[in-house]
$ cat my_file.cif   # mmCIF, C-alpha atoms
data_model
loop_
_atom_site.label_atom_id
_atom_site.label_comp_id
_atom_site.auth_asym_id
_atom_site.auth_seq_id
_atom_site.Cartn_x
_atom_site.Cartn_y
_atom_site.Cartn_z
CA MET A 1 -34.35 -9.30 15.81
CA GLU A 2 -30.74 -10.43 15.55
CA ASN A 3 -28.14 -8.60 17.54
CA PHE A 4 -25.12 -8.43 15.28
CA PRO A 5 -22.50 -7.45 17.90
CA ASP A 6 -23.59 -10.33 20.16
CA ASN A 7 -23.49 -12.72 17.20
CA VAL A 8 -19.91 -11.68 16.47
CA ILE A 9 -18.93 -12.37 20.10
CA LYS A 10 -20.72 -15.76 20.00
CA GLU A 11 -18.91 -16.64 16.78
CA ILE A 12 -15.56 -15.68 18.33
CA GLU A 13 -16.35 -17.91 21.33
CA ALA A 14 -17.60 -20.78 19.16
CA ARG A 15 -14.41 -20.77 17.06
CA GLY A 16 -12.24 -20.39 20.18
CA ILE A 17 -10.48 -17.38 18.70
CA ILE A 18 -8.07 -15.30 20.75
CA PRO A 19 -6.07 -12.24 19.65
CA LYS A 20 -2.62 -13.05 18.27
CA PRO A 21 0.06 -12.06 20.79
CA ARG A 22 1.86 -8.73 20.44
CA TRP A 23 5.27 -10.40 19.90
CA HIS A 24 3.92 -12.06 16.73
CA PHE A 25 3.42 -8.63 15.14
CA LEU A 26 6.65 -7.22 16.56
CA ILE A 27 8.61 -10.05 14.93
CA THR A 28 6.80 -9.63 11.60
CA ARG A 29 7.57 -5.89 11.56
CA LYS A 30 11.20 -6.48 12.58
CA VAL A 31 11.59 -9.03 9.77
CA PHE A 32 10.59 -6.43 7.19
CA TRP A 33 12.92 -3.80 8.68
CA LEU A 34 15.70 -6.37 8.76
CA LEU A 35 15.03 -7.24 5.11
CA ALA A 36 15.17 -3.54 4.14
CA VAL A 37 18.40 -2.87 6.05
CA ALA A 38 20.12 -6.10 4.93
CA SER A 39 19.12 -5.39 1.31
CA ILE A 40 20.61 -1.90 1.48
CA LEU A 41 23.85 -3.35 2.87
CA VAL A 42 24.09 -6.03 0.15
CA GLY A 43 23.24 -3.37 -2.46
CA SER A 44 26.05 -1.21 -1.05
CA VAL A 45 28.49 -4.11 -1.36
CA ALA A 46 27.36 -4.61 -4.98
CA PHE A 47 27.90 -0.93 -5.68
CA ALA A 48 31.34 -0.99 -4.02
CA VAL A 49 32.50 -3.86 -6.27
CA ALA A 50 30.90 -2.29 -9.35
CA ASP A 51 32.65 0.99 -8.57
CA PHE A 52 35.98 -0.82 -8.16
CA VAL A 53 35.60 -2.90 -11.33
CA PHE A 54 34.57 0.05 -13.51
CA PHE A 55 36.73 2.88 -12.25
CA ASP A 56 39.70 1.27 -10.53
CA ASN A 57 40.24 -2.18 -12.03
CA ASP A 58 39.42 -1.26 -15.62
CA GLY A 59 41.27 2.04 -15.36
CA ILE A 60 38.35 4.20 -16.45
CA SER A 61 38.20 7.56 -14.71
CA LEU A 62 35.79 10.42 -15.02
CA ILE A 63 38.46 12.18 -17.14
CA THR A 64 39.12 9.28 -19.54
CA LEU A 65 35.39 8.39 -19.70
CA ARG A 66 34.82 11.07 -22.35
CA ASP A 67 37.66 9.90 -24.65
CA ALA A 68 37.47 6.14 -24.11
CA PRO A 69 35.99 4.09 -26.98
CA ILE A 70 32.36 3.32 -26.30
CA GLN A 71 33.03 -0.42 -26.70
CA ASP A 72 35.61 -0.32 -23.89
CA ILE A 73 33.21 1.54 -21.65
CA VAL A 74 30.37 -0.91 -22.30
CA GLN A 75 32.69 -3.89 -21.76
CA SER A 76 33.83 -2.43 -18.46
CA ILE A 77 30.33 -1.97 -17.07
CA PRO A 78 29.93 -4.62 -14.36
CA PHE A 79 26.40 -5.60 -15.36
CA ILE A 80 26.24 -8.49 -12.90
CA TRP A 81 26.88 -6.16 -9.95
CA LEU A 82 24.45 -3.60 -11.28
CA PHE A 83 21.90 -6.41 -11.58
CA VAL A 84 22.59 -7.43 -7.95
CA LEU A 85 22.27 -3.77 -6.90
CA GLY A 86 18.92 -3.47 -8.72
CA LEU A 87 17.67 -6.70 -7.17
CA PHE A 88 18.46 -5.55 -3.65
CA ILE A 89 17.06 -2.07 -4.24
CA ALA A 90 13.78 -3.81 -5.12
CA SER A 91 14.10 -6.03 -2.06
CA ALA A 92 14.81 -3.03 0.23
CA TYR A 93 11.78 -1.24 -1.24
CA PHE A 94 9.61 -4.32 -0.65
CA GLY A 95 10.81 -4.61 2.96
CA PHE A 96 10.31 -0.91 3.71
CA ARG A 97 6.89 -0.83 2.03
CA HIS A 98 5.73 -3.60 4.39
CA THR A 99 6.81 -1.83 7.57
CA ARG A 100 3.99 -0.31 9.59
CA LYS A 101 4.00 3.10 7.90
CA GLY A 102 6.08 2.38 4.81
CA TYR A 103 3.07 2.85 2.52
CA ARG A 104 2.91 6.55 3.39
CA TYR A 105 5.98 7.37 1.32
CA ALA A 106 6.00 7.70 -2.46
CA THR A 107 7.78 4.92 -4.38
CA ILE A 108 10.10 7.38 -6.11
CA LEU A 109 11.17 8.84 -2.74
CA VAL A 110 11.84 5.43 -1.16
CA VAL A 111 13.72 4.08 -4.20
CA SER A 112 15.79 7.31 -4.48
CA CYS A 113 16.71 7.13 -0.78
CA VAL A 114 17.66 3.44 -1.06
CA ILE A 115 19.83 4.14 -4.12
CA GLY A 116 21.40 7.18 -2.43
CA VAL A 117 22.22 5.31 0.79
CA SER A 118 23.56 2.31 -1.18
CA ILE A 119 25.86 4.58 -3.19
CA VAL A 120 27.16 6.44 -0.13
CA ILE A 121 27.85 3.22 1.83
CA GLY A 122 29.27 1.62 -1.35
CA LEU A 123 31.70 4.52 -1.87
CA ILE A 124 32.81 4.28 1.76
CA LEU A 125 33.31 0.51 1.41
CA ASN A 126 35.30 1.01 -1.78
CA ALA A 127 37.44 3.67 -0.13
CA LEU A 128 38.25 1.00 2.45
CA ASP A 129 39.25 -1.36 -0.42
CA PHE A 130 36.35 -3.67 0.30
CA GLY A 131 35.25 -3.69 -3.35
CA GLN A 132 38.72 -4.77 -4.51
CA SER A 133 39.05 -7.43 -1.82
CA LEU A 134 35.71 -9.02 -2.65
CA HIS A 135 36.34 -8.86 -6.42
CA GLN A 136 39.71 -10.55 -6.09
CA TYR A 137 38.43 -13.09 -3.60
CA LEU A 138 35.63 -14.11 -5.98
CA LEU A 139 38.03 -14.28 -8.95
CA LYS A 140 40.38 -16.53 -6.99
CA HIS A 141 37.90 -18.78 -5.22
CA THR A 142 34.96 -19.22 -7.59
CA GLY A 143 34.85 -20.55 -11.10
CA PHE A 144 31.69 -18.82 -12.21
CA TYR A 145 32.52 -15.22 -11.24
CA ASP A 146 35.20 -14.84 -13.90
CA SER A 147 32.79 -15.79 -16.64
CA LEU A 148 30.08 -13.49 -15.27
CA ILE A 149 32.19 -10.38 -15.22
CA HIS A 150 34.34 -9.02 -18.00
CA SER A 151 37.57 -7.96 -16.39
CA ARG A 152 40.73 -6.46 -17.79
CA ASP A 153 42.44 -8.99 -15.54
CA ASP A 154 41.57 -11.54 -18.24
CA GLU A 155 43.23 -9.50 -20.94
CA MET A 156 46.34 -8.95 -18.85
CA ASP A 157 46.78 -12.70 -18.19
CA MET B 158 -29.05 7.82 29.10
CA LYS B 159 -25.59 7.09 27.73
CA SER B 160 -23.67 4.23 29.31
CA PRO B 161 -20.13 5.06 30.50
CA GLU B 162 -18.77 2.65 27.85
CA SER B 163 -20.37 4.56 25.00
CA SER B 164 -18.38 7.71 25.89
CA LYS B 165 -15.08 5.83 25.81
CA SER B 166 -12.71 6.31 22.89
CA ASP B 167 -12.03 3.54 20.39
CA GLN B 168 -8.52 3.19 21.75
CA GLU B 169 -9.83 2.70 25.29
CA LEU B 170 -12.28 0.08 24.10
CA VAL B 171 -9.50 -1.74 22.20
CA ALA B 172 -7.41 -1.86 25.38
CA GLU B 173 -10.39 -3.14 27.39
CA THR B 174 -11.29 -5.73 24.73
CA LEU B 175 -7.86 -7.30 25.22
CA LYS B 176 -8.84 -7.94 28.85
CA ASP B 177 -12.53 -8.75 28.29
CA ARG B 178 -13.74 -9.88 24.85
CA ASN B 179 -17.34 -8.86 25.59
CA VAL B 180 -16.27 -5.21 25.36
CA PHE B 181 -15.63 -5.89 21.66
CA ALA B 182 -19.42 -5.87 21.12
CA LEU B 183 -19.37 -2.13 21.85
CA LEU B 184 -16.84 -1.51 19.08
CA VAL B 185 -18.82 -3.72 16.69
CA GLY B 186 -22.03 -1.84 17.53
CA ARG B 187 -20.33 1.52 17.07
CA TYR B 188 -19.26 0.78 13.49
CA GLU B 189 -21.78 -1.81 12.28
CA ILE B 190 -24.16 0.46 10.34
CA ARG B 191 -21.42 2.57 8.71
CA LEU B 192 -19.51 -0.52 7.60
CA ARG B 193 -22.59 -2.33 6.27
CA ARG B 194 -23.20 0.74 4.10
CA TYR B 195 -19.54 0.85 3.04
CA ILE B 196 -19.51 -2.81 1.95
CA ALA B 197 -22.72 -2.20 -0.02
CA ARG B 198 -21.15 0.84 -1.67
CA LEU B 199 -18.13 -1.23 -2.67
CA GLY B 200 -20.54 -3.36 -4.67
CA SER B 201 -22.24 -6.00 -2.54
CA ASN B 202 -26.00 -5.70 -2.79
CA ASP B 203 -26.96 -8.90 -0.95
CA PRO B 204 -27.60 -8.14 2.79
CA GLU B 205 -26.63 -11.71 3.76
CA VAL B 206 -23.29 -11.41 1.95
CA VAL B 207 -22.73 -7.99 3.54
CA LYS B 208 -23.40 -9.52 6.97
CA ASP B 209 -20.98 -12.40 6.34
CA ILE B 210 -18.22 -10.08 5.09
CA LEU B 211 -18.72 -7.79 8.07
CA GLN B 212 -18.67 -10.66 10.57
CA GLU B 213 -15.46 -12.09 9.09
CA SER B 214 -13.95 -8.60 9.09
CA PHE B 215 -14.72 -8.08 12.77
CA ILE B 216 -13.29 -11.50 13.60
CA LYS B 217 -10.08 -10.49 11.76
CA VAL B 218 -10.06 -7.22 13.69
CA TYR B 219 -10.34 -9.18 16.95
CA VAL B 220 -7.58 -11.62 15.99
CA ASN B 221 -5.27 -8.73 15.05
CA LEU B 222 -6.13 -6.35 17.89
CA ASN B 223 -2.54 -6.40 19.16
CA ASP B 224 -1.40 -5.12 15.77
CA TYR B 225 -3.48 -1.96 16.08
CA ASP B 226 -1.25 1.11 16.14
CA PRO B 227 -2.87 3.79 18.37
CA SER B 228 -1.13 6.50 16.34
CA LEU B 229 -3.57 5.63 13.53
CA SER B 230 -7.30 6.24 13.85
CA PHE B 231 -9.09 3.01 14.78
CA SER B 232 -11.70 3.85 12.16
CA ALA B 233 -9.06 3.91 9.37
CA TRP B 234 -7.61 0.59 10.53
CA LEU B 235 -11.08 -0.95 10.69
CA TYR B 236 -12.03 0.36 7.24
CA ARG B 237 -8.77 -1.10 5.89
CA ILE B 238 -9.62 -4.59 7.15
CA VAL B 239 -13.22 -4.35 5.91
CA HIS B 240 -12.06 -3.02 2.54
CA ASN B 241 -9.55 -5.88 2.10
CA GLU B 242 -12.07 -8.50 3.22
CA THR B 243 -14.67 -7.17 0.77
CA ILE B 244 -12.24 -7.03 -2.15
CA ASN B 245 -11.04 -10.58 -1.32
CA HIS B 246 -14.67 -11.71 -1.38
CA PHE B 247 -15.15 -10.18 -4.85
CA ARG B 248 -11.90 -11.80 -6.04
CA LYS B 249 -13.07 -15.21 -4.86
CA GLN B 250 -16.39 -14.65 -6.62
CA LYS B 251 -14.46 -13.33 -9.66
CA ASN B 252 -17.08 -10.64 -9.89
CA ARG B 253 -17.37 -7.16 -8.49
CA PRO B 254 -20.67 -5.39 -9.18
CA ARG B 255 -20.03 -1.96 -10.64
CA THR B 256 -23.09 -0.10 -9.43
CA ILE B 257 -23.96 1.91 -6.37
CA GLU B 258 -27.71 1.80 -6.05
CA LYS B 259 -28.64 2.63 -2.52
CA GLU B 260 -31.35 5.26 -2.37
CA GLU B 261 -29.76 6.98 0.59
CA ASP B 262 -26.74 7.67 -1.63
CA LEU B 263 -28.69 9.75 -4.12
CA GLU B 264 -27.94 12.97 -2.25
CA LEU B 265 -24.27 12.03 -2.33
CA PHE B 266 -24.38 11.87 -6.13
CA GLU B 267 -25.67 15.42 -5.93
CA LYS B 268 -22.68 16.29 -3.79
CA ILE B 269 -20.34 14.84 -6.40
CA ALA B 270 -22.18 16.84 -9.05
CA ASP B 271 -21.41 19.97 -6.99
CA GLU B 272 -17.76 18.95 -6.75
CA LEU B 273 -17.61 18.59 -10.51
CA ASP B 274 -19.01 22.12 -10.98
CA ILE B 275 -21.96 20.83 -12.95
CA GLU B 276 -23.87 23.78 -14.29
CA GLU B 277 -27.16 24.55 -12.63
CA GLN B 278 -29.35 24.65 -15.72
CA VAL B 279 -28.88 21.00 -16.57
CA ASP B 280 -31.31 18.42 -15.33
CA ARG B 281 -29.90 17.43 -11.92
CA ALA B 282 -31.70 14.12 -11.73
CA ARG B 283 -30.33 13.11 -15.11
CA THR B 284 -26.87 14.29 -14.13
CA GLU B 285 -26.91 12.32 -10.91
CA ALA B 286 -28.08 9.22 -12.71
CA ASN B 287 -25.19 9.67 -15.12
CA ILE B 288 -22.70 10.15 -12.29
CA GLN B 289 -24.00 6.93 -10.76
CA LYS B 290 -23.47 5.15 -14.07
CA ALA B 291 -20.10 6.80 -14.72
CA LEU B 292 -18.83 5.84 -11.25
CA GLY B 293 -19.54 2.21 -12.08
CA GLY B 294 -17.44 2.55 -15.22
CA LEU B 295 -14.35 3.89 -13.45
CA GLU B 296 -11.30 1.72 -12.73
CA GLU B 297 -11.49 0.15 -9.27
CA HIS B 298 -8.77 2.28 -7.64
CA TYR B 299 -10.45 5.51 -8.75
CA ARG B 300 -13.87 4.28 -7.64
CA ASP B 301 -12.57 3.14 -4.23
CA VAL B 302 -10.99 6.53 -3.59
CA LEU B 303 -14.14 8.43 -4.64
CA ILE B 304 -16.35 6.24 -2.44
CA LEU B 305 -14.12 6.89 0.57
CA ARG B 306 -13.83 10.60 -0.17
CA PHE B 307 -17.41 11.51 -1.02
CA PHE B 308 -19.56 8.74 0.44
CA GLU B 309 -17.62 7.91 3.61
CA GLU B 310 -16.31 11.49 3.93
CA LYS B 311 -12.77 10.45 4.79
CA SER B 312 -9.80 12.81 4.69
CA TYR B 313 -6.89 12.19 2.31
CA ASP B 314 -4.75 10.98 5.23
CA GLU B 315 -7.44 8.54 6.34
CA ILE B 316 -7.85 7.24 2.78
CA SER B 317 -4.07 6.84 2.65
CA ASP B 318 -4.19 4.73 5.82
CA ILE B 319 -7.17 2.68 4.63
CA LEU B 320 -5.84 1.87 1.15
CA LYS B 321 -2.15 1.90 2.20
CA ILE B 322 -1.10 4.34 -0.48
CA PRO B 323 0.66 7.72 -0.05
CA SER B 324 -1.58 10.78 0.53
CA GLY B 325 -0.17 12.34 -2.63
CA THR B 326 -1.38 9.36 -4.63
CA VAL B 327 -4.83 9.70 -3.03
CA ALA B 328 -4.96 13.35 -4.14
CA THR B 329 -3.87 12.35 -7.66
CA TYR B 330 -6.51 9.59 -7.84
CA VAL B 331 -9.28 11.93 -6.64
CA SER B 332 -8.28 14.57 -9.17
CA ARG B 333 -8.01 12.05 -12.05
CA ALA B 334 -11.27 10.35 -11.08
CA LYS B 335 -13.08 13.68 -11.10
CA ALA B 336 -11.56 14.50 -14.51
CA LYS B 337 -12.70 11.11 -15.82
CA LEU B 338 -16.20 11.62 -14.47
CA ARG B 339 -16.34 15.07 -16.10
CA ASP B 340 -15.16 13.51 -19.33
CA VAL B 341 -17.84 10.81 -19.24
CA LEU B 342 -20.52 13.39 -18.49
CA LYS B 343 -19.24 15.65 -21.25
CA ARG B 344 -19.38 12.80 -23.73
CA SER B 345 -22.91 12.00 -22.63
CA GLY B 346 -23.82 15.64 -23.36
CA ILE B 347 -24.79 16.41 -19.79
CA ASN B 348 -22.24 19.03 -18.95
CA ASP B 349 -20.68 21.80 -20.94
CA ILE B 350 -17.41 22.07 -19.01
#
$ encode --input "my_file.cif" --output "structure tokens"
Amino acid sequence: MENFPDNVIKEIEARGIIPKPRWHFLITRKVFWLLAVASILVGSVAFAVADFVFFDNDGISLITLRDAPIQDIVQSIPFIWLFVLGLFIASAYFGFRHTRKGYRYATILVVSCVIGVSIVIGLILNALDFGQSLHQYLLKHTGFYDSLIHSRDDEMD
Amino acid sequence: MKSPESSKSDQELVAETLKDRNVFALLVGRYEIRLRRYIARLGSNDPEVVKDILQESFIKVYVNLNDYDPSLSFSAWLYRIVHNETINHFRKQKNRPRTIEKEEDLELFEKIADELDIEEQVDRARTEANIQKALGGLEEHYRDVLILRFFEEKSYDEISDILKIPSGTVATYVSRAKAKLRDVLKRSGINDI
């Protein structure tokens, strides 16, 4: 009668298989953590610029938001930055989900935490004028950014 | 008489396998029968195919031994690899049989009937046959969870580790799957719930 465990060992020997080294898995796991953290940081930058463009650059505040014409509000929404934020929230979720125990947490919890952390870091970055600096840098040094984002800067020129 | 190796934990045997591959045979022997049955329950009725899937699974386990996290149960990690290997096999074949026909599982259908609060006066044999049929009709994710819960007797946390889904989702799937089974049985006039 065949001895299955021995057959498995013989097959392993015949194919010359050895266990993959521990560092291989350590690197793989680190790559996913790195992806998650880097995505949150990029998402935070996107939120910082979006926050600057909407509230500071376009002069909309929480007080004027109620009275401002809806068309102005819609035109001031920095869709491109919100798109970038969404993209990197998805990327952070993907990275976290592929960490060793990332699957144990509910999607809604992970996505909420990623959004929350991105907003907090984004607000801090904007308080440090990072959002403004990046917005103005892109306006000055790239041709495409101006056409991607509706800015009151255009109307003032 | 038990050999000293047979009293060792899975974790100890994993550590020893990394030094001496022959120790791996002990781990294979420890789980072989359970996993053959599990692959069959997932839908493979051909013993040769079951053997091939199991062999490839154990080879994958051996290759990835350094990835094993001792904070997880070895059994859950092993079931995960076997589950994925079996599902990959079905995907390649583009066919996953939807029946569970092993005779030894008949008493487990009875157990599911108990879980569903099937009333005593109905014909148990007919009910169990209907559960068997209804299980085959469930969506894969519900069926996989029910097989692990009732046939393999795994806890929600173990199922979470095997299928890589949150424990809360496992609980939701079990509850929905039971509701669906009740619904199928109700429609077939077996149960009055």
$ residues_around --input "my_file.cif" --residues "Ala233 in chain B" --least-positions-apart "5" --cutoff "8 Å" --atoms "only C-alpha atoms" --output "number ranges by chain"
B: 315-316, 318-319
$ write_last_selection --input "my_file.cif" --atoms "C-alpha atoms" --output "PDB file, in the coordinates of the input"
ATOM      1  CA  GLU B 315      -7.440   8.540   6.340  1.00  0.00           C
ATOM      2  CA  ILE B 316      -7.850   7.240   2.780  1.00  0.00           C
ATOM      3  CA  ASP B 318      -4.190   4.730   5.820  1.00  0.00           C
ATOM      4  CA  ILE B 319      -7.170   2.680   4.630  1.00  0.00           C
TER       5      ILE B 319
END
$ closest_atom_pairs --input "my_file.cif" --of "chain B" --to "chain A" --cutoff "10 Å" --atoms "all atoms listed in the file" --output "JSON lines"
{"residue": "B:Thr174", "atom": "CA", "partner": "A:Pro19", "partner_atom": "CA", "distance": 9.8}
{"residue": "B:Leu175", "atom": "CA", "partner": "A:Pro19", "partner_atom": "CA", "distance": 7.7}
{"residue": "B:Arg178", "atom": "CA", "partner": "A:Ile9", "partner_atom": "CA", "distance": 7.5}
{"residue": "B:Asn179", "atom": "CA", "partner": "A:Ile9", "partner_atom": "CA", "distance": 6.7}
{"residue": "B:Val180", "atom": "CA", "partner": "A:Ile9", "partner_atom": "CA", "distance": 9.3}
{"residue": "B:Phe181", "atom": "CA", "partner": "A:Ile9", "partner_atom": "CA", "distance": 7.4}
{"residue": "B:Ala182", "atom": "CA", "partner": "A:Pro5", "partner_atom": "CA", "distance": 4.7}
{"residue": "B:Leu183", "atom": "CA", "partner": "A:Pro5", "partner_atom": "CA", "distance": 7.3}
{"residue": "B:Leu184", "atom": "CA", "partner": "A:Pro5", "partner_atom": "CA", "distance": 8.3}
{"residue": "B:Val185", "atom": "CA", "partner": "A:Pro5", "partner_atom": "CA", "distance": 5.4}
{"residue": "B:Gly186", "atom": "CA", "partner": "A:Pro5", "partner_atom": "CA", "distance": 5.6}
{"residue": "B:Arg187", "atom": "CA", "partner": "A:Pro5", "partner_atom": "CA", "distance": 9.3}
{"residue": "B:Tyr188", "atom": "CA", "partner": "A:Pro5", "partner_atom": "CA", "distance": 9.9}
{"residue": "B:Glu189", "atom": "CA", "partner": "A:Pro5", "partner_atom": "CA", "distance": 8.0}
{"residue": "B:Lys208", "atom": "CA", "partner": "A:Phe4", "partner_atom": "CA", "distance": 8.6}
{"residue": "B:Leu211", "atom": "CA", "partner": "A:Val8", "partner_atom": "CA", "distance": 9.3}
{"residue": "B:Gln212", "atom": "CA", "partner": "A:Val8", "partner_atom": "CA", "distance": 6.1}
{"residue": "B:Glu213", "atom": "CA", "partner": "A:Val8", "partner_atom": "CA", "distance": 8.6}
{"residue": "B:Ser214", "atom": "CA", "partner": "A:Val8", "partner_atom": "CA", "distance": 10.0}
{"residue": "B:Phe215", "atom": "CA", "partner": "A:Val8", "partner_atom": "CA", "distance": 7.3}
{"residue": "B:Ile216", "atom": "CA", "partner": "A:Ile12", "partner_atom": "CA", "distance": 6.7}
{"residue": "B:Lys217", "atom": "CA", "partner": "A:Pro19", "partner_atom": "CA", "distance": 9.0}
{"residue": "B:Val218", "atom": "CA", "partner": "A:Pro19", "partner_atom": "CA", "distance": 8.8}
{"residue": "B:Tyr219", "atom": "CA", "partner": "A:Pro19", "partner_atom": "CA", "distance": 5.9}
{"residue": "B:Val220", "atom": "CA", "partner": "A:Pro19", "partner_atom": "CA", "distance": 4.0}
{"residue": "B:Asn221", "atom": "CA", "partner": "A:Pro19", "partner_atom": "CA", "distance": 5.8}
{"residue": "B:Leu222", "atom": "CA", "partner": "A:Pro19", "partner_atom": "CA", "distance": 6.1}
{"residue": "B:Asn223", "atom": "CA", "partner": "A:Arg22", "partner_atom": "CA", "distance": 5.1}
{"residue": "B:Asp224", "atom": "CA", "partner": "A:Phe25", "partner_atom": "CA", "distance": 6.0}
{"residue": "B:Tyr225", "atom": "CA", "partner": "A:Phe25", "partner_atom": "CA", "distance": 9.6}
{"residue": "B:Asp226", "atom": "CA", "partner": "A:Arg100", "partner_atom": "CA", "distance": 8.5}
{"residue": "B:Leu229", "atom": "CA", "partner": "A:Lys101", "partner_atom": "CA", "distance": 9.8}
{"residue": "B:Asp314", "atom": "CA", "partner": "A:Arg104", "partner_atom": "CA", "distance": 9.0}
{"residue": "B:Ser317", "atom": "CA", "partner": "A:Arg104", "partner_atom": "CA", "distance": 7.0}
{"residue": "B:Asp318", "atom": "CA", "partner": "A:Arg104", "partner_atom": "CA", "distance": 7.7}
{"residue": "B:Leu320", "atom": "CA", "partner": "A:Tyr103", "partner_atom": "CA", "distance": 9.1}
{"residue": "B:Lys321", "atom": "CA", "partner": "A:Tyr103", "partner_atom": "CA", "distance": 5.3}
{"residue": "B:Ile322", "atom": "CA", "partner": "A:Tyr103", "partner_atom": "CA", "distance": 5.3}
{"residue": "B:Pro323", "atom": "CA", "partner": "A:Arg104", "partner_atom": "CA", "distance": 4.3}
{"residue": "B:Ser324", "atom": "CA", "partner": "A:Arg104", "partner_atom": "CA", "distance": 6.8}
{"residue": "B:Gly325", "atom": "CA", "partner": "A:Ala106", "partner_atom": "CA", "distance": 7.7}
{"residue": "B:Thr326", "atom": "CA", "partner": "A:Ala106", "partner_atom": "CA", "distance": 7.9}
$ residues_around --input "my_file.cif" --residues "Phe47 in chain A" --least-positions-apart "3" --cutoff "7 Å" --atoms "all atoms listed in the file" --output "CSV table (one decimal) with C-alpha atoms, in the frame of the given file"
chain,number,residue,atom,x,y,z
A,43,GLY,CA,23.2,-3.4,-2.5
A,44,SER,CA,26.0,-1.2,-1.0
A,50,ALA,CA,30.9,-2.3,-9.4
A,51,ASP,CA,32.6,1.0,-8.6
A,81,TRP,CA,26.9,-6.2,-10.0
A,85,LEU,CA,22.3,-3.8,-6.9
A,119,ILE,CA,25.9,4.6,-3.2
A,122,GLY,CA,29.3,1.6,-1.4
$ atom_distance --input "my_file.cif" --atom1 "CA of Thr329 in chain B" --atom2 "CA of Arg306 in chain B"
12.6 Å
$ residues_near_point --input "my_file.cif" --point "(12.9, -4.1, -1.6)" --cutoff "12 Å" --atoms "only C-alpha atoms" --output "JSON, numbers by chain"
{"A": [32, 33, 34, 35, 36, 37, 38, 39, 40, 41, 42, 43, 85, 86, 87, 88, 89, 90, 91, 92, 93, 94, 95, 96, 97, 98, 99, 102, 107, 110, 111, 113, 114, 115]}
$ resolve_selection --input "my_file.cif" --expression "the PyMOL selection byres ((chain B and resi 195) around 12)" --output "CSV table (one decimal) with C-alpha atoms, keeping the file's coordinate frame"
chain,number,residue,atom,x,y,z
B,188,TYR,CA,-19.3,0.8,13.5
B,189,GLU,CA,-21.8,-1.8,12.3
B,190,ILE,CA,-24.2,0.5,10.3
B,191,ARG,CA,-21.4,2.6,8.7
B,192,LEU,CA,-19.5,-0.5,7.6
B,193,ARG,CA,-22.6,-2.3,6.3
B,194,ARG,CA,-23.2,0.7,4.1
B,196,ILE,CA,-19.5,-2.8,2.0
B,197,ALA,CA,-22.7,-2.2,0.0
B,198,ARG,CA,-21.2,0.8,-1.7
B,199,LEU,CA,-18.1,-1.2,-2.7
B,200,GLY,CA,-20.5,-3.4,-4.7
B,201,SER,CA,-22.2,-6.0,-2.5
B,202,ASN,CA,-26.0,-5.7,-2.8
B,207,VAL,CA,-22.7,-8.0,3.5
B,208,LYS,CA,-23.4,-9.5,7.0
B,210,ILE,CA,-18.2,-10.1,5.1
B,211,LEU,CA,-18.7,-7.8,8.1
B,235,LEU,CA,-11.1,-1.0,10.7
B,236,TYR,CA,-12.0,0.4,7.2
B,237,ARG,CA,-8.8,-1.1,5.9
B,239,VAL,CA,-13.2,-4.4,5.9
B,240,HIS,CA,-12.1,-3.0,2.5
B,242,GLU,CA,-12.1,-8.5,3.2
B,243,THR,CA,-14.7,-7.2,0.8
B,244,ILE,CA,-12.2,-7.0,-2.2
B,257,ILE,CA,-24.0,1.9,-6.4
B,259,LYS,CA,-28.6,2.6,-2.5
B,262,ASP,CA,-26.7,7.7,-1.6
B,301,ASP,CA,-12.6,3.1,-4.2
B,304,ILE,CA,-16.4,6.2,-2.4
B,305,LEU,CA,-14.1,6.9,0.6
B,306,ARG,CA,-13.8,10.6,-0.2
B,307,PHE,CA,-17.4,11.5,-1.0
B,308,PHE,CA,-19.6,8.7,0.4
B,309,GLU,CA,-17.6,7.9,3.6
B,310,GLU,CA,-16.3,11.5,3.9
B,311,LYS,CA,-12.8,10.4,4.8
$ resolve_selection --input "my_file.cif" --expression "the PyMOL selection byres ((chain A and resi 130-133) around 9)" --output "VMD selection string"
chain A and resid 45 to 53 56 to 57 122 124 to 129 134 to 138
$ resolve_selection --input "my_file.cif" --expression "the PyMOL selection byres ((chain A and resi 77) around 9)" --output "PyMOL selection string"
chain A and resi 50+53-54+72-76+78-82+149-150
